[in-house]
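Worksheet: the structure to be examined is printed underneath.
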Amino acid sequence: MPTDTPLLRYLQELQSELASNRDGRVADYIPALATADPALFGISIVTVNGTRYSVGDSDHPFTIQSVSKPFVYGMALTDRGVEDVRHRVGVEPTGDAFNSIRVDEESNRPFNPLVNTGAIVTTGLVRGDSEADQWQRIVDGFESFTGRVLIADEAVYESECETGDRNRAIAYLMRNLGMLEGDPEAILRLYFRQCSLLVTTDDLAVAAATLASGGRNPVTGRRALTENLNERILSVMQTCGMYDAAGAWAVDVGFPSKSGVSGAVIAVLPGQAGIAVYSPPLDVRGNSLRGIEVCRRLAGDFGLHPHRDRGHPAGVLRGAYRGNRARSTQARTDTEYACIEEHGDDLSVYEVQGLIRFAETEFLIGFIIDDPTRSRVVAIDGRRALLVDHHLIPMFAELADLLAASGRVLVLAGFNAPGVPPEFTGVARSFDDIDDAVEWWEDQVIATHFTGVGSESARPVTDQELLRGLADDDLAAVLAEVTYSTLDPGAFLAREGKPADCVYFLLSGQVSVRLGSKATLKSPRVAAFGAGAAVGELALIEGGVRSASLMADTRVEIATLTVEALDRIARDRPTVRATIMGNLARSLALRLRRANDRIRVLDS
């Protein structure tokens, strides 16, 4: 938990300010609740990334009471299915108090699962062949939401059993109306024990954050319920969670919420955080006075009302560029680069960022379709995408089909964030990184349009750019000192930290630069070179040790020239070193300029 942040300071100041409010009364219709200390006051927030903020009496245990209802409703939906549960419990707000006995006159159903009539029926729908089995299911269900096993306060449980005549009347009425299955007394025991579970605001904030995270516990990573069922629970909490104050709550605060007579309030900010407050003094409707004010202040001070404008969907598009501005880390010859740049309009790259939901998807697809360039290859760079709503995958699949119908290709690259469903990349050709996608496109351009010798073809030592301009006898002297070898994929030409004492001329295949002396073909690639390129050439300037590893990506043929051999040649032929160094300076300058271009395009 953070020890000093602006949010934590805000919560500390808010808790201190509201602690002076002495209004309200502690619930006494259950005798065991009447002994609660009205000064207790805790606030907890858990974000969807699992960060916790707690102030005040956040670790003080209290009974969960009616805050248990939405979670048990979720268990019943999971166990019995939506239609079976809805046949017995509706989803309409009542405008009545939590313990109203009124039901829908047409269907005989309780109006919703968050008033006592519906909650008792819902508890009876939890799976189990016996009362003990059902109780274990409820305990296990709460563990998935809170991240720990909860136990019941036996004194409160006994007090509820002894004084729960109104709930007992509700249970028998529900059985008489055909809504309740099984023994009413057994179901009531489960219901009273469920309401007697001991929790803290830290527990409830984790449970609320689980609802905010679509049903997945952000602390444990465990899924408590499916996204579809999670939506149903939040919808019912939005309209029914605050009983006869639900309308005012929706206007003033707007969070899906639930209160309990022990003094707890939970609130859910979908996609953001879960909030829990404990303060025993209640208002006339049975809601925690301080809990209500905490939520109202959070909503107002931080602009959290769910119906507030969240910005234009155009923010999803971070940038766009063509193939003549893109650079992969695969090194090319000057003539190959010229070919790529000439056909740059063949590729359009669209960088996206943040959350990709309905409005963002509609904007992005419309932007791509309306782009007048109409490139053959359309690449979407998702390195900065945090989430893609899985419901929108068909829209991207339809985009791929529309492009394919006109001879164009959709490419997805870098969509590796936890919030991106794995099946998303299956709608089009996909790559792990935008660099891989750009290299693939470059290879296609070279194969289609380049009339010279391609980088896949063998290149003799005499065709090396580093040796360009040498007189015939000087070139012959260099070739006499060169040694030849062949390496298999994954083999090292040189390792990081080893002496830099030679330069390698790549005759065929591909070599990559990767960081680390124990790099593998799966390690991040800094650069790649094909036939005709020299690698490790900085050894000719500074010697020392290698700053990165050189690895064969494919089977390669190389020619090696040591620094010692070049020094030996240069003693008799000083123009050899001057010519090679001039070529090296031009090569490095060009490579640096292209690297800068790539940084500006890809990392701006």
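The way I read the labels, and the way they are meant: chains A, B, ... in the order of the structure tokens, residue 1 as the first residue of every chain, and ligand 1 as the first ligand shown, with later ones counted on from there.
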
Mind running range 356-458 of chain A against range 306-325 of chain A at 8 Å and telling me each contacting residue's nearest atom pair with the distance in Å (one decimal), counting only C-alpha atoms, chain and number ascending, as JSON lines?
```
{"residue": "A:Ile356", "atom": "CA", "partner": "A:Val316", "partner_atom": "CA", "distance": 6.9}
{"residue": "A:Ala359", "atom": "CA", "partner": "A:Pro313", "partner_atom": "CA", "distance": 5.7}
{"residue": "A:Glu360", "atom": "CA", "partner": "A:Pro313", "partner_atom": "CA", "distance": 4.6}
{"residue": "A:Phe363", "atom": "CA", "partner": "A:Ala314", "partner_atom": "CA", "distance": 6.4}
{"residue": "A:Leu364", "atom": "CA", "partner": "A:Leu317", "partner_atom": "CA", "distance": 6.9}
{"residue": "A:Val438", "atom": "CA", "partner": "A:Gly323", "partner_atom": "CA", "distance": 7.9}
```

Quiz item: Leaving out Val67 in chain A and any residue of its chain fewer than 4 positions from it, which residues lie within 10 Å of it when counting only C-alpha atoms, given as JSON, numbers by chain?
Solution: {"A": [63, 71, 72, 114, 194, 195, 204, 241, 257, 258, 259, 260, 261, 262, 263, 264, 265, 266]}

For the residues selected in the previous step, produce a file with N, CA and C atoms as a compact mmCIF listing (two decimals), in the first residue's frame.
```
# COMPACT_ATOMS: atom_id res chain seq x y z
N THR A 63 -19.82 -6.92 10.68
CA THR A 63 -20.59 -7.89 9.90
C THR A 63 -21.06 -7.25 8.59
N PHE A 71 -23.21 -10.05 -4.01
CA PHE A 71 -22.24 -11.11 -4.24
C PHE A 71 -22.91 -12.49 -4.24
N VAL A 72 -23.85 -12.69 -3.31
CA VAL A 72 -24.59 -13.96 -3.31
C VAL A 72 -25.49 -14.04 -4.55
N LEU A 114 -31.79 -7.26 -4.02
CA LEU A 114 -31.11 -6.47 -3.01
C LEU A 114 -32.03 -6.02 -1.89
N GLN A 194 -24.93 -15.63 6.41
CA GLN A 194 -24.31 -14.85 5.32
C GLN A 194 -24.18 -13.39 5.74
N CYS A 195 -25.22 -12.84 6.34
CA CYS A 195 -25.20 -11.44 6.76
C CYS A 195 -24.27 -11.22 7.95
N LEU A 204 -13.87 -5.41 1.66
CA LEU A 204 -14.96 -4.99 0.79
C LEU A 204 -14.45 -4.17 -0.39
N GLY A 241 -29.41 -0.60 -5.28
CA GLY A 241 -28.49 -0.83 -4.17
C GLY A 241 -28.70 0.06 -2.97
N SER A 257 -23.77 0.81 -6.20
CA SER A 257 -23.41 0.79 -4.78
C SER A 257 -24.30 -0.17 -4.01
N LYS A 258 -23.89 -0.44 -2.78
CA LYS A 258 -24.71 -1.25 -1.87
C LYS A 258 -24.37 -0.86 -0.44
N SER A 259 -25.41 -0.74 0.38
CA SER A 259 -25.23 -0.38 1.78
C SER A 259 -25.69 -1.53 2.67
N GLY A 260 -25.30 -1.47 3.94
CA GLY A 260 -25.73 -2.45 4.93
C GLY A 260 -25.94 -1.78 6.26
N VAL A 261 -26.83 -2.35 7.09
CA VAL A 261 -27.20 -1.69 8.33
C VAL A 261 -26.10 -1.72 9.39
N SER A 262 -25.04 -2.49 9.14
CA SER A 262 -23.91 -2.43 10.08
C SER A 262 -23.14 -1.12 9.92
N GLY A 263 -23.38 -0.41 8.80
CA GLY A 263 -22.71 0.86 8.56
C GLY A 263 -21.77 0.83 7.37
N ALA A 264 -21.84 -0.24 6.57
CA ALA A 264 -20.95 -0.37 5.41
C ALA A 264 -21.62 0.17 4.15
N VAL A 265 -20.79 0.73 3.29
CA VAL A 265 -21.21 1.12 1.94
C VAL A 265 -20.09 0.70 0.99
N ILE A 266 -20.44 0.03 -0.09
CA ILE A 266 -19.46 -0.22 -1.15
C ILE A 266 -19.93 0.50 -2.40
```

Quiz item: Which one of A:Ala533, A:Leu566, A:Ile43, A:Leu402 sits closest to Cys295 in chain A if you count only C-alpha atoms?
Solution: A:Ile43

Quiz item: What's the 6 Å shell around Val48 in chain A, counting only C-alpha atoms, without same-chain residues fewer than 3 positions away, as JSON, numbers by chain?
Solution: {"A": [209, 213, 218, 272, 273]}

Just N, CA and C atoms for this one: save the residues we selected as a PDB file, in the first residue's frame.
```pdb
ATOM      1  N   ALA A 209     -13.607  -3.840  -6.067  1.00  0.00           N
ATOM      2  CA  ALA A 209     -12.667  -3.723  -7.180  1.00  0.00           C
ATOM      3  C   ALA A 209     -12.777  -4.918  -8.113  1.00  0.00           C
ATOM      4  N   SER A 213     -13.455  -4.677 -12.026  1.00  0.00           N
ATOM      5  CA  SER A 213     -12.541  -5.315 -12.985  1.00  0.00           C
ATOM      6  C   SER A 213     -13.231  -6.361 -13.845  1.00  0.00           C
ATOM      7  N   PRO A 218      -8.543  -8.167  -8.718  1.00  0.00           N
ATOM      8  CA  PRO A 218      -7.307  -7.532  -9.159  1.00  0.00           C
ATOM      9  C   PRO A 218      -6.115  -7.809  -8.254  1.00  0.00           C
ATOM     10  N   GLN A 272     -12.153   1.214 -12.968  1.00  0.00           N
ATOM     11  CA  GLN A 272     -11.272   2.107 -12.216  1.00  0.00           C
ATOM     12  C   GLN A 272     -10.950   1.589 -10.809  1.00  0.00           C
ATOM     13  N   ALA A 273     -11.955   1.441  -9.953  1.00  0.00           N
ATOM     14  CA  ALA A 273     -11.654   1.108  -8.560  1.00  0.00           C
ATOM     15  C   ALA A 273     -12.902   0.653  -7.825  1.00  0.00           C
TER      16      ALA A 273
END
```

Range 512-565 of chain A residues near range 459-473 of chain A within 8 Å, closest pair each, using only C-alpha atoms, as CSV:
```
residue,atom,partner,partner_atom,distance
A:Ala531,CA,A:Arg459,CA,5.7
A:Gly532,CA,A:Gln464,CA,5.3
A:Ala533,CA,A:Gln464,CA,6.5
A:Ala534,CA,A:Leu466,CA,7.0
A:Ala559,CA,A:Val461,CA,7.2
```

Self-check item: Among listed residues A:Ser66, A:Ser549, A:Ser20, A:Ser512, nearest Thr329 in chain A (using only C-alpha atoms)
Solution: A:Ser512

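Among the candidate residues A:Asp84, A:Phe302, A:Ile30, A:Asp133, the one lying nearest to Asn167 in chain A is A:Ile30, with distances computed using only C-alpha atoms.
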
Practice problem: Based on DSSP run over this structure's backbone, return all residues of range 324-548 of chain A in strand (DSSP E), as a PyMOL selection string. | Solution: chain A and resi 330-331+347-356+377-388+409-413+429-431+483-487+492-494+502-508+510-514+525-530+534-535

Quiz item: Using only C-alpha atoms, which residues sit within 12 Å of Arg52 in chain A once same-chain residues fewer than 3 positions away are excluded, as a count of residues only?
Solution: 28

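Rounded to one decimal, CA of Val149 in chain A and CA of Arg88 in chain A lie 29.3 Å from each other.
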
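Among the candidates A:Leu190, A:Cys339, A:Cys161, A:Val26, the one nearest to Val126 in chain A when counting only C-alpha atoms is A:Leu190.
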
Exercise. Might you pull out every residue within 10 Å of Cys502 in chain A, with only C-alpha atoms counted and same-chain residues fewer than 4 positions away left off, and present them as a list in words?
Key: Ala494, Val535, Gly536, Glu537, Leu538, Ala539, Leu540, Gly543, Thr560, Leu561, Thr562, Val563, Glu564, Ala565 and Leu566 of chain A

Exercise. For each of A:Ile340, A:Met581, A:Ala186, A:Ala152, take the minimum atom-to-atom distance to Asp443 in chain A, counting only C-alpha atoms, then give the residue where this is smallest.
Key: A:Ile340

Taking the backbone alone, and naming residues the way the document does, which bits of range 97-179 of chain A are helix (DSSP H, G or I) by DSSP, as a compact mmCIF listing (two decimals) with N, CA and C atoms, in the first residue's frame?
```txt
# COMPACT_ATOMS: atom_id res chain seq x y z
N ASN A 116 -34.81 -7.58 1.03
CA ASN A 116 -34.79 -8.84 1.77
C ASN A 116 -35.60 -9.94 1.11
N THR A 117 -36.76 -9.58 0.53
CA THR A 117 -37.58 -10.62 -0.12
C THR A 117 -36.78 -11.33 -1.21
N GLY A 118 -36.10 -10.56 -2.05
CA GLY A 118 -35.32 -11.16 -3.12
C GLY A 118 -34.05 -11.81 -2.63
N ALA A 119 -33.40 -11.23 -1.62
CA ALA A 119 -32.13 -11.77 -1.14
C ALA A 119 -32.31 -13.14 -0.50
N ILE A 120 -33.42 -13.33 0.23
CA ILE A 120 -33.66 -14.64 0.85
C ILE A 120 -33.88 -15.70 -0.22
N VAL A 121 -34.64 -15.35 -1.25
CA VAL A 121 -34.83 -16.30 -2.37
C VAL A 121 -33.50 -16.59 -3.05
N THR A 122 -32.70 -15.55 -3.27
CA THR A 122 -31.41 -15.71 -3.93
C THR A 122 -30.50 -16.64 -3.14
N THR A 123 -30.46 -16.48 -1.84
CA THR A 123 -29.63 -17.37 -1.01
C THR A 123 -30.05 -18.82 -1.19
N GLY A 124 -31.36 -19.06 -1.27
CA GLY A 124 -31.84 -20.42 -1.46
C GLY A 124 -31.49 -21.02 -2.81
N GLU A 131 -27.54 -28.10 3.46
CA GLU A 131 -27.30 -26.77 4.02
C GLU A 131 -25.81 -26.51 4.19
N ALA A 132 -25.06 -27.54 4.62
CA ALA A 132 -23.62 -27.39 4.80
C ALA A 132 -22.93 -27.13 3.46
N ASP A 133 -23.37 -27.83 2.42
CA ASP A 133 -22.79 -27.63 1.09
C ASP A 133 -23.05 -26.21 0.58
N GLN A 134 -24.28 -25.74 0.80
CA GLN A 134 -24.60 -24.40 0.36
C GLN A 134 -23.78 -23.36 1.11
N TRP A 135 -23.61 -23.58 2.41
CA TRP A 135 -22.81 -22.63 3.17
C TRP A 135 -21.35 -22.61 2.69
N GLN A 136 -20.81 -23.78 2.40
CA GLN A 136 -19.45 -23.84 1.90
C GLN A 136 -19.33 -23.12 0.56
N ARG A 137 -20.35 -23.25 -0.27
CA ARG A 137 -20.35 -22.53 -1.56
C ARG A 137 -20.33 -21.02 -1.33
N ILE A 138 -21.10 -20.53 -0.36
CA ILE A 138 -21.13 -19.10 -0.06
C ILE A 138 -19.76 -18.63 0.45
N VAL A 139 -19.15 -19.41 1.35
CA VAL A 139 -17.83 -19.06 1.87
C VAL A 139 -16.80 -19.03 0.76
N ASP A 140 -16.81 -20.04 -0.10
CA ASP A 140 -15.87 -20.10 -1.21
C ASP A 140 -16.10 -18.93 -2.18
N GLY A 141 -17.37 -18.61 -2.39
CA GLY A 141 -17.69 -17.50 -3.29
C GLY A 141 -17.14 -16.18 -2.78
N PHE A 142 -17.31 -15.94 -1.47
CA PHE A 142 -16.78 -14.69 -0.91
C PHE A 142 -15.26 -14.66 -0.93
N GLU A 143 -14.64 -15.82 -0.79
CA GLU A 143 -13.18 -15.85 -0.86
C GLU A 143 -12.68 -15.40 -2.23
N SER A 144 -13.42 -15.77 -3.28
CA SER A 144 -13.00 -15.36 -4.63
C SER A 144 -13.12 -13.85 -4.80
N PHE A 145 -14.06 -13.23 -4.11
CA PHE A 145 -14.23 -11.78 -4.21
C PHE A 145 -13.25 -11.01 -3.31
N THR A 146 -13.05 -11.48 -2.08
CA THR A 146 -12.24 -10.73 -1.12
C THR A 146 -10.78 -11.17 -1.09
N GLU A 154 -20.64 -15.30 15.38
CA GLU A 154 -21.69 -16.18 15.91
C GLU A 154 -22.67 -15.42 16.79
N ALA A 155 -22.20 -14.42 17.51
CA ALA A 155 -23.10 -13.65 18.38
C ALA A 155 -24.13 -12.90 17.54
N VAL A 156 -23.68 -12.28 16.45
CA VAL A 156 -24.61 -11.57 15.58
C VAL A 156 -25.55 -12.56 14.90
N TYR A 157 -25.00 -13.70 14.48
CA TYR A 157 -25.84 -14.72 13.84
C TYR A 157 -26.96 -15.16 14.79
N GLU A 158 -26.61 -15.47 16.02
CA GLU A 158 -27.63 -15.90 16.99
C GLU A 158 -28.64 -14.78 17.23
N SER A 159 -28.18 -13.55 17.29
CA SER A 159 -29.08 -12.41 17.51
C SER A 159 -30.06 -12.27 16.36
N GLU A 160 -29.56 -12.46 15.13
CA GLU A 160 -30.45 -12.36 13.96
C GLU A 160 -31.47 -13.49 13.96
N CYS A 161 -31.03 -14.68 14.31
CA CYS A 161 -31.96 -15.81 14.36
C CYS A 161 -33.08 -15.58 15.38
N GLU A 162 -32.71 -14.99 16.50
CA GLU A 162 -33.69 -14.79 17.57
C GLU A 162 -34.66 -13.66 17.27
N THR A 163 -34.24 -12.67 16.50
CA THR A 163 -35.07 -11.48 16.30
C THR A 163 -35.55 -11.32 14.86
N ASP A 165 -37.98 -12.24 12.99
CA ASP A 165 -39.35 -12.69 12.67
C ASP A 165 -39.84 -12.11 11.35
N ARG A 166 -39.51 -10.88 11.06
CA ARG A 166 -39.98 -10.29 9.79
C ARG A 166 -39.38 -11.05 8.61
N ASN A 167 -38.09 -11.37 8.68
CA ASN A 167 -37.46 -12.15 7.62
C ASN A 167 -38.03 -13.57 7.56
N ARG A 168 -38.39 -14.08 8.73
CA ARG A 168 -39.01 -15.41 8.76
C ARG A 168 -40.37 -15.37 8.06
N ALA A 169 -41.11 -14.31 8.28
CA ALA A 169 -42.41 -14.16 7.59
C ALA A 169 -42.20 -14.04 6.09
N ILE A 170 -41.16 -13.31 5.68
CA ILE A 170 -40.85 -13.16 4.25
C ILE A 170 -40.55 -14.51 3.64
N ALA A 171 -39.73 -15.33 4.32
CA ALA A 171 -39.34 -16.63 3.78
C ALA A 171 -40.56 -17.52 3.56
N TYR A 172 -41.47 -17.57 4.53
CA TYR A 172 -42.64 -18.43 4.38
C TYR A 172 -43.59 -17.88 3.31
N LEU A 173 -43.68 -16.56 3.20
CA LEU A 173 -44.49 -15.98 2.13
C LEU A 173 -43.91 -16.35 0.77
N MET A 174 -42.58 -16.29 0.64
CA MET A 174 -41.95 -16.64 -0.64
C MET A 174 -42.18 -18.10 -1.00
N ARG A 175 -42.17 -18.98 0.03
CA ARG A 175 -42.47 -20.38 -0.27
C ARG A 175 -43.92 -20.53 -0.68
N ASN A 176 -44.81 -19.82 -0.04
CA ASN A 176 -46.23 -19.91 -0.38
C ASN A 176 -46.49 -19.42 -1.80
```

Self-check item: Near-Leu521 in chain A list (12 Å; only C-alpha atoms; drop same-chain fewer than 2 positions) as JSON, numbers by chain
Solution: {"A": [488, 489, 490, 491, 492, 510, 511, 512, 513, 514, 515, 516, 518, 519, 523, 524, 525, 526, 528, 549, 550, 551, 552, 553, 554]}

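Between CA of Arg357 in chain A and CA of Cys240 in chain A lies a distance of 27.1 Å.
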